[in-house]
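What follows is a short report on a single structure.
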Amino acid sequence: MATKQKTSVAVPSVNCAEMQQAIIDRLHKGLGTDKNKANNKAWWNATCQAVNELVFEKLTQTHQNHAEKDTRAVNYLSLEFLMGRLLSNNLQNLEVFDVTQQALKALGKDLYEICDEEPDMALGNGGLGRLAACFIDSLATLGYPAIGYGIHYEHGLFKQEFQDGRQIERPDTWREYGNPWEICRPESIQFVPLYGYVETVYEQGKGSRKVWHAGQKLKGVPWDIPIVGYGAKTVNILRLWESRSHEAFDWDVFNAGGYVDAQAEKSKAETVSKVLYPNDSTDAGKELRLIQQYFFCACSVKDILRRFKRANKEDWSLLPEKVAIQLNDTHPTIAIPELMRILIDEEGLEWPEAWEICQKTFAYTNHTLLPEALEKWSVALFEKVLPRHLEIIYEINSQFLTKVVEKKWPGDDAKKSKLSVIEESQPRMVRMANLCVITAYKVNGVAAVHSELVKTDLFPEFHELFPTKLVNVTNGVTPRRWLKACNPGLATLLDETIGDDWVLNLDKLKGILPKATDSDFQQRFMDIKKENKMVMAKIIKEETDVEVSVDAIFDVQIKRLHEYKRQQLNLIHILTLYKRLLEDPDYDMIPRVFLFGAKAAPGYHMAKEIIFALNKIADKVNNDVRIKDKLKVVFLPNYRVSLAEKMFPAADVSEQISTAGLEASGTGNMKFSLNGALTIGTMDGANIEMAEEIGAEHMFIFGLSVEEVKALKAEGYNPYDYYYNNPELKSVLDWLDSDFFTPSHPGLLSDIKRSLLDWGDEYLCLADYESYVNAHQAIDTLYRDQSAWAEKAILNAGAMGKFNSDRSIEDYATKIWNLKKFPIT
Ligand code: CJB
């Protein structure tokens with residue numbers, strides 16, 4: 001396809017006729033079909049291929065430039081990249097969305113329908129995975145040399161269905177029929193050893209060296225996904241490793257009649273990249289998960305070193321100058337002993353030199369304080385799967401305890417046992433977070449309050465030992481996907497009001513603040529919201545057969561289902577309103593639609609019970625004519641990025657109601673505000689910084705603060721105190737024991753009540769209930785004054801400049817990576 005340069009940015013651009021021709025060509029020459037026979041899937045595929053023609057040229061150019069100049073690059077290691085769909089995003093970033101829309105229209109096709117054909121790339125669970133996706137978008141947009149490394153899962157996060165209100169998990173088949181975005185790179189295959197034993201080999205005059213005799217080898221096949229920066233100057237890659245058997249297939253065994261045996265080895269090896277673990281913030285505790293982690297880290301480290309060696313021969317002292325490796329949570333920690341192993345066992349470096357290189361190369365991001373999320377692996381498992389790595393970990397630990405801890409706290413065994421990488425429990429465990437903090441040159445939390453808690457509560461002794469190591473980088477989201485692409489109405493209004501460069505400089509959003517009281521602007525802002533709500537209402541009808549009015553307040557909670565995120569608090573508030581309406585059919589309230597989207601980890605009982613309860617409550621509420629449509633509850637199945645893109649722009653109210661101190665940051669909170677929703681939230685995670693930017697008076701802040709939570713827990717929290725002191729709360733909780741929501745089956749929802757009373761209400765829902773109900777009352781009051789509501793919504797969107805992943809990446813680049821931009825011209 002012919003390309004021409006725009007004056008402002010070096011975007012390969014095409015006109016409508018060229019784009020039409022490219023799509024038709026791809027239908028004919030790429031897919032062997034034609035425009036009369038092609039279904040929408042084929043049109044989608046052909047459009048993606050046409051886009052690739054624009055992308056690949058820039059990809060090659062970026063790659064050549066970085067290789068020639070041997071630029072320092074960041075390598076972002078993450079077990080999760082929750083990419084969602086790429087077509088509309090790539091069209092936006094290439095700035096050819098409108099032209100493609102016209103081209104398809106001329107061919108009788110609707111671009112939005114074609115985009116809807118794309119399966120989500122759901123290679124992540126939630127916030128952590130989506131953050132990685134936003135970050136690689138920003139890295140490319142800002143022109144930083146960067147590679148994302150992860151796993152090419154055959155099945156991403158499970159598809160969620162409901163059967164009689166209960167979550168059923170089905171496999172996700174995102175690439176069953178191939179994926180036009182990915183390029184297989186057999187020339188960069190890596191081999192990964194596993195199991196076996198370690199031999200100490202003595203060599204005359206040279207001392208001893210270690211040789212790991214592996215019991216099994218996996219083959220790692222890389223698949224590259226081009227990551228197009230906005231303006232398409234830089235196209236980086238996301239490299240995902242697929243596991244295959246070392247030996248393709250045992251031909252002799254097969255011919256001798258062993259059809260099944262011949263396949264066995266192959267399928268065992270392929271299991272490693274078969275599925276994404278559907279856990280969020282919990283330790284999977286499985287051998288397979290450890291092997292997954294090692295597999296992708298080993299492939300990635302070897303790939304990084306191969307590139308380094310090509311440019312720098314074997315001057316290993318240069319490695320930290322050329323390479324930064326960011327560990328996204330503890331999941332890729334095993335990359336640390338792997339780099340040590342390669343440098344010492346394969347490259348012949350001495351321990352002190354190898355250790356210094358490692359300490360200057362790795363940085364680690366902590367995403368949670370939840371104790372159950374801090375990964376630990378049994379020593380026995382390590383010994384079996386990665387025997388050489390265990391030896392290296394022991395040595396790192398021993399040197400740390402004797403040289404660092406003993407020096408600071410002589411003779412203090414309690415300190416040693418707390419800080420040790422090895423937990424002397426039964427069974428003995430390897431603490432991955434400790435290994436990260438000991439090694440990394442920087443450790444960051446993901447929002448100011450979280451980073452403080454990392455210092456004071458999670459790693460206080462490490463903070464004493466390494467006072468400059470622990471830093472903060474507040475999360476952000478990419479405005480390309482989370483505003484420009486998902487909310488074209490609002491994006492256009494912004495273009496017209498403040499110019500179109502807000503996409504690259506989100507601080508420009510401030511420009512709408514003076515318009516907050518302008519009634520014409522308010523009207524346009526609210527009209528756009530209404531249109532987005534209409535789109536959502538249609539989806540709700542199609543998906544759940546529930547009719548909702550766009551005049552109602554759309555009150556949305558979308559995030560993973562977890563008790564600390566407190567969907568159950570939202571639930572008891574809904575029951576409160578329902579009860580009020582039943583007791584007084586004229587109860588004065590603005591109609592409210594409570595929308596939920598959430599997946600529960602398959603083994604998380606309470607999370608699944610909460611989904612079931614919400615679905616049962618929805619059945620009852622939505623069919624109760626007595627309440628005259630004042631209340632609707634909708635739990636949309638299969639929450640995912642592409643559905644989120646419809647829900648954020650349609651929300652009036654954003655529910656960010658975690659127990660203070662437990663949500664590290666949140667990023668959904670940012671997406672809602674950016675799209676003009678008002679937040680009901682606790683002083684937790686990034687909500688706190690949002691309140692600083694927006695002004696707490698323009699949000700609905702409620703509940704206990706971090707300090708108050710700590711104090712209440714310290715004095716001894718008793719949920720029954722709240723239950724007996726608040727008759728409305730009591731009646732709502734007692735309702736859950738009846739068969740009102742589960743006719744003829746009383747008690748089916750009782751576990752929710754038990755968890756909030758008998759099991760101690762770990763997440764303090766009852767303590768925050770009253771202030772939550774009051775905050776909702778304030779929402780109802782404000783919504784009655786549409787102008788006042790619009791003013792606050794505009795003030796919210798206008799204050800979101802900080803929560804931009806470009807800003808987060810600039811913070812990483814300066815505070816952690818010391819990375820320079822390398823714009824491709
Ligand atoms: N987070 O999504 C996950 N998974 C984990 O295992 C641990 C944390 C989330 O990471 C996000 C990105 O930093 C945070 O915004 C969110 O608060 C945290 O729960």
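Going by the structure tokens order, chains are called A, B, ..., each with residues numbered from 1, while ligands are numbered from 1 in the order shown.
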
List every residue of region 84-136 of chain A that has an atom at most 12 Å from any atom of region 365-383 of chain A, giving for each one its closest atom pair and the distance in Å to one decimal, counting only C-alpha atoms, sorted by chain and then by ascending residue number, as a Markdown table.
| residue | atom | partner | partner_atom | distance |
| --- | --- | --- | --- | --- |
| A:Gly126 | CA | A:His367 | CA | 11.7 |
| A:Gly127 | CA | A:His367 | CA | 9.3 |
| A:Leu128 | CA | A:His367 | CA | 7.3 |
| A:Gly129 | CA | A:His367 | CA | 10.9 |
| A:Leu131 | CA | A:His367 | CA | 10.5 |
| A:Ala132 | CA | A:Thr365 | CA | 11.3 |

Write out the residues from the selection above, keeping C-alpha atoms, as a PDB file, in the first residue's frame.
ATOM      1  CA  GLY A 126      -7.513  -7.893  35.845  1.00  0.00           C
ATOM      2  CA  GLY A 127      -5.773  -4.677  36.833  1.00  0.00           C
ATOM      3  CA  LEU A 128      -2.224  -5.971  36.761  1.00  0.00           C
ATOM      4  CA  GLY A 129      -2.566  -7.387  33.254  1.00  0.00           C
ATOM      5  CA  LEU A 131      -1.773  -2.066  33.387  1.00  0.00           C
ATOM      6  CA  ALA A 132       0.903  -3.968  31.452  1.00  0.00           C
TER       7      ALA A 132
END

message: Neighbours of ligand 1 at 10 Å or closer, counting only C-alpha atoms and all ligand atoms: which residues, as an MDAnalysis selection string?
response: chainID A and resid 80 124:132 279:283 328:331 365:370 372:375 445:447 450 473:476 559:560 562 564:565 658 662:670 684:686

- prompt: Near Thr468 (chain A), counting only C-alpha atoms, which residues have an atom at most 10 Å away, once you skip same-chain residues fewer than 4 positions from it, shown as a VMD selection string?
  reply: chain A and resid 441 to 443 463 to 464

task: Name all residues at most 12 Å from region 47-50 of chain A (count only C-alpha atoms; drop same-chain ones fewer than 6 positions away) and give them as an MDAnalysis selection string.
output: chainID A and resid 1:2 14 18:31 40:41 56 85:91 96:97 100:101 103:104 107 109:111 114:115 117:118 179:183

For the residues in the current selection, export C-alpha atoms as a short mmCIF file (atom, residue, chain, number, x, y, z; two decimals), in the first residue's frame.
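Output file result-v8.cif is given in full below:
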data_model
loop_
_atom_site.label_atom_id
_atom_site.label_comp_id
_atom_site.auth_asym_id
_atom_site.auth_seq_id
_atom_site.Cartn_x
_atom_site.Cartn_y
_atom_site.Cartn_z
CA MET A 1 0.00 0.00 0.00
CA ALA A 2 1.33 3.44 -0.85
CA VAL A 14 -3.53 6.29 3.32
CA GLU A 18 -6.08 3.06 -1.12
CA MET A 19 -7.55 1.57 2.04
CA GLN A 20 -10.47 0.09 0.09
CA GLN A 21 -8.08 -1.44 -2.38
CA ALA A 22 -5.86 -2.82 0.37
CA ILE A 23 -8.79 -4.50 2.10
CA ILE A 24 -10.11 -5.99 -1.14
CA ASP A 25 -6.59 -7.19 -2.00
CA ARG A 26 -6.27 -8.91 1.34
CA LEU A 27 -9.66 -10.57 0.88
CA HIS A 28 -8.50 -11.88 -2.50
CA LYS A 29 -4.80 -12.48 -2.03
CA GLY A 30 -4.59 -13.06 1.69
CA LEU A 31 -7.76 -15.00 2.37
CA ASN A 40 -17.72 -10.37 8.74
CA LYS A 41 -14.93 -12.45 10.26
CA PHE A 56 5.21 -3.87 9.53
CA ARG A 85 -8.98 -6.02 20.89
CA LEU A 86 -6.34 -4.49 18.65
CA LEU A 87 -8.04 -3.40 15.42
CA SER A 88 -9.73 -0.23 16.56
CA ASN A 89 -6.75 0.60 18.78
CA ASN A 90 -4.27 0.19 15.94
CA LEU A 91 -6.46 2.22 13.60
CA VAL A 96 -6.44 5.94 9.99
CA PHE A 97 -9.67 5.14 11.84
CA THR A 100 -10.92 2.97 7.21
CA GLN A 101 -14.46 3.64 8.33
CA ALA A 103 -13.41 2.74 3.02
CA LEU A 104 -15.50 0.00 4.60
CA LEU A 107 -17.69 -1.39 0.50
CA LYS A 109 -19.55 -2.58 5.68
CA ASP A 110 -19.73 -0.97 9.12
CA LEU A 111 -16.36 -0.64 10.86
CA ILE A 114 -16.23 -5.47 11.90
CA CYS A 115 -14.35 -4.51 15.08
CA GLU A 117 -15.74 -9.66 15.29
CA GLU A 118 -12.39 -9.57 17.04
CA ASN A 179 -4.69 -14.36 14.85
CA PRO A 180 -3.73 -11.82 12.19
CA TRP A 181 -1.69 -9.66 14.60
CA GLU A 182 0.97 -12.15 15.57
CA ILE A 183 4.15 -13.10 13.76
#

task: Identify all residues of region 691-731 of chain A in helix (DSSP H, G or I) (DSSP on the backbone) and supply them as a ChimeraX atom specification.
output: /A:691-694,696-698,706-715,719-725,727-731

message: Let me make sure I understand: among A:Pro602, A:Pro591, A:Pro320, A:Pro387, which one has the smallest atom-to-atom distance to Ile304 (chain A) if we use only C-alpha atoms?
response: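 Closest residue, counting only C-alpha atoms: A:Pro320.
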
field: Spatial neighbours of region 346-354 of chain A, 12 Å, only C-alpha atoms, chain gap at least 5 places, as a VMD selection string
entry: chain A and resid 206 to 212 302 305 309 313 to 320 336 to 341 359 to 361 392 395 to 396 399 439

task: Using only C-alpha atoms, pick whichever of A:Lys455, A:Lys628, A:His605, A:His155 has the shortest atom-to-atom distance to Trp174 (chain A).
output: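 The answer is A:His155, which sits nearest to Trp174 (chain A).
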
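Between CA of Pro743 (chain A) and CA of Asp555 (chain A) lies a distance of 27.4 Å.
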
- prompt: So, counting only C-alpha atoms, which residue among A:Trp44, A:Phe635, A:Trp817, A:Tyr230 is closest to Asp501 (chain A)?
  reply: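 The answer is A:Tyr230, which sits nearest to Asp501 (chain A).
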
- request: Based on DSSP run over this structure's backbone, return all residues of region 453-646 of chain A in strand (DSSP E), as a PyMOL selection string.
  value: chain A and resi 470-472+553-558+592-597+631-635

Please produce a file of the residues just selected, as a PDB file, in the first residue's frame, where the atoms kept are N, CA and C atoms.
ATOM      1  N   LEU A 470      12.827   1.869  48.005  1.00  0.00           N
ATOM      2  CA  LEU A 470      11.364   1.797  47.853  1.00  0.00           C
ATOM      3  C   LEU A 470      10.807   3.136  47.371  1.00  0.00           C
ATOM      4  N   VAL A 471      10.155   3.118  46.224  1.00  0.00           N
ATOM      5  CA  VAL A 471       9.647   4.367  45.636  1.00  0.00           C
ATOM      6  C   VAL A 471       8.194   4.177  45.172  1.00  0.00           C
ATOM      7  N   ASN A 472       7.607   5.282  44.747  1.00  0.00           N
ATOM      8  CA  ASN A 472       6.226   5.186  44.241  1.00  0.00           C
ATOM      9  C   ASN A 472       6.159   5.572  42.766  1.00  0.00           C
ATOM     10  N   ILE A 553     -30.069   6.548  36.987  1.00  0.00           N
ATOM     11  CA  ILE A 553     -28.626   6.667  37.247  1.00  0.00           C
ATOM     12  C   ILE A 553     -27.991   5.307  36.959  1.00  0.00           C
ATOM     13  N   PHE A 554     -26.985   5.298  36.096  1.00  0.00           N
ATOM     14  CA  PHE A 554     -26.235   4.055  35.844  1.00  0.00           C
ATOM     15  C   PHE A 554     -25.083   3.992  36.847  1.00  0.00           C
ATOM     16  N   ASP A 555     -25.217   3.069  37.771  1.00  0.00           N
ATOM     17  CA  ASP A 555     -24.291   2.948  38.895  1.00  0.00           C
ATOM     18  C   ASP A 555     -23.494   1.659  38.678  1.00  0.00           C
ATOM     19  N   VAL A 556     -22.197   1.777  38.446  1.00  0.00           N
ATOM     20  CA  VAL A 556     -21.454   0.640  37.887  1.00  0.00           C
ATOM     21  C   VAL A 556     -20.303   0.174  38.782  1.00  0.00           C
ATOM     22  N   GLN A 557     -20.251  -1.124  39.002  1.00  0.00           N
ATOM     23  CA  GLN A 557     -19.086  -1.715  39.667  1.00  0.00           C
ATOM     24  C   GLN A 557     -18.535  -2.819  38.765  1.00  0.00           C
ATOM     25  N   ILE A 558     -17.391  -2.562  38.158  1.00  0.00           N
ATOM     26  CA  ILE A 558     -16.769  -3.546  37.262  1.00  0.00           C
ATOM     27  C   ILE A 558     -15.329  -3.746  37.660  1.00  0.00           C
ATOM     28  N   ARG A 592     -32.578   3.902  39.655  1.00  0.00           N
ATOM     29  CA  ARG A 592     -31.157   3.522  39.659  1.00  0.00           C
ATOM     30  C   ARG A 592     -30.997   2.177  38.964  1.00  0.00           C
ATOM     31  N   VAL A 593     -30.017   2.087  38.102  1.00  0.00           N
ATOM     32  CA  VAL A 593     -29.644   0.803  37.502  1.00  0.00           C
ATOM     33  C   VAL A 593     -28.278   0.435  38.061  1.00  0.00           C
ATOM     34  N   PHE A 594     -28.231  -0.646  38.821  1.00  0.00           N
ATOM     35  CA  PHE A 594     -26.941  -1.115  39.340  1.00  0.00           C
ATOM     36  C   PHE A 594     -26.371  -2.134  38.375  1.00  0.00           C
ATOM     37  N   LEU A 595     -25.220  -1.790  37.838  1.00  0.00           N
ATOM     38  CA  LEU A 595     -24.598  -2.676  36.843  1.00  0.00           C
ATOM     39  C   LEU A 595     -23.341  -3.314  37.430  1.00  0.00           C
ATOM     40  N   PHE A 596     -23.211  -4.596  37.172  1.00  0.00           N
ATOM     41  CA  PHE A 596     -22.010  -5.309  37.630  1.00  0.00           C
ATOM     42  C   PHE A 596     -21.364  -6.054  36.466  1.00  0.00           C
ATOM     43  N   GLY A 597     -20.071  -6.169  36.538  1.00  0.00           N
ATOM     44  CA  GLY A 597     -19.325  -7.072  35.660  1.00  0.00           C
ATOM     45  C   GLY A 597     -18.163  -7.566  36.484  1.00  0.00           C
ATOM     46  N   LEU A 631     -35.786   0.497  40.461  1.00  0.00           N
ATOM     47  CA  LEU A 631     -34.536  -0.205  40.752  1.00  0.00           C
ATOM     48  C   LEU A 631     -34.354  -1.316  39.737  1.00  0.00           C
ATOM     49  N   LYS A 632     -33.178  -1.382  39.180  1.00  0.00           N
ATOM     50  CA  LYS A 632     -32.830  -2.507  38.303  1.00  0.00           C
ATOM     51  C   LYS A 632     -31.440  -2.972  38.710  1.00  0.00           C
ATOM     52  N   VAL A 633     -31.227  -4.271  38.604  1.00  0.00           N
ATOM     53  CA  VAL A 633     -29.910  -4.833  38.902  1.00  0.00           C
ATOM     54  C   VAL A 633     -29.517  -5.722  37.734  1.00  0.00           C
ATOM     55  N   VAL A 634     -28.362  -5.450  37.177  1.00  0.00           N
ATOM     56  CA  VAL A 634     -27.935  -6.224  36.005  1.00  0.00           C
ATOM     57  C   VAL A 634     -26.502  -6.693  36.213  1.00  0.00           C
ATOM     58  N   PHE A 635     -26.323  -7.999  36.150  1.00  0.00           N
ATOM     59  CA  PHE A 635     -24.971  -8.552  36.206  1.00  0.00           C
ATOM     60  C   PHE A 635     -24.645  -9.040  34.803  1.00  0.00           C
TER      61      PHE A 635
END

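Nearest residue to Tyr177 (chain A) among A:Pro467, A:Tyr195, A:Pro119, A:Met647 is A:Pro119, counting only C-alpha atoms.
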
message: Quick check, in Å to one decimal: how far apart do CA of Asp500 (chain A) and CA of Gly798 (chain A) lie?
response: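 For CA of Asp500 (chain A) relative to CA of Gly798 (chain A), the distance reads 14.5 Å.
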
- request: Determine, counting only C-alpha atoms, which protein, DNA and RNA residues have an atom within 10 Å of an atom of Lys821 (chain A); residues of the same chain fewer than 3 positions away are not included. Present the result as a PyMOL selection string.
  value: chain A and resi 71-73+139-140+142-145+810+813+824

task: Take CA of Tyr149 (chain A) and CA of Pro332 (chain A) and report the distance between them in Å, one decimal.
output: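 Going from CA of Tyr149 (chain A) over to CA of Pro332 (chain A), I get 10.1 Å.
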
task: Counting only C-alpha atoms, figure out which residue out of A:Cys358, A:Ser300, A:Phe702, A:Ala618 gets nearest to Ile344 (chain A).
output: A:Cys358

query: Using only C-alpha atoms, which of A:Leu757, A:Val709, A:Leu795, A:Ala788 sits nearest Leu674 (chain A)?
result: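 The answer is A:Leu795, which sits nearest to Leu674 (chain A).
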
message: Quick one: residues within 8 Å of Ser243 (chain A), only C-alpha atoms, excluding same-chain residues fewer than 6 positions away - as number ranges by chain?
response: A: 218-221, 269-273, 295
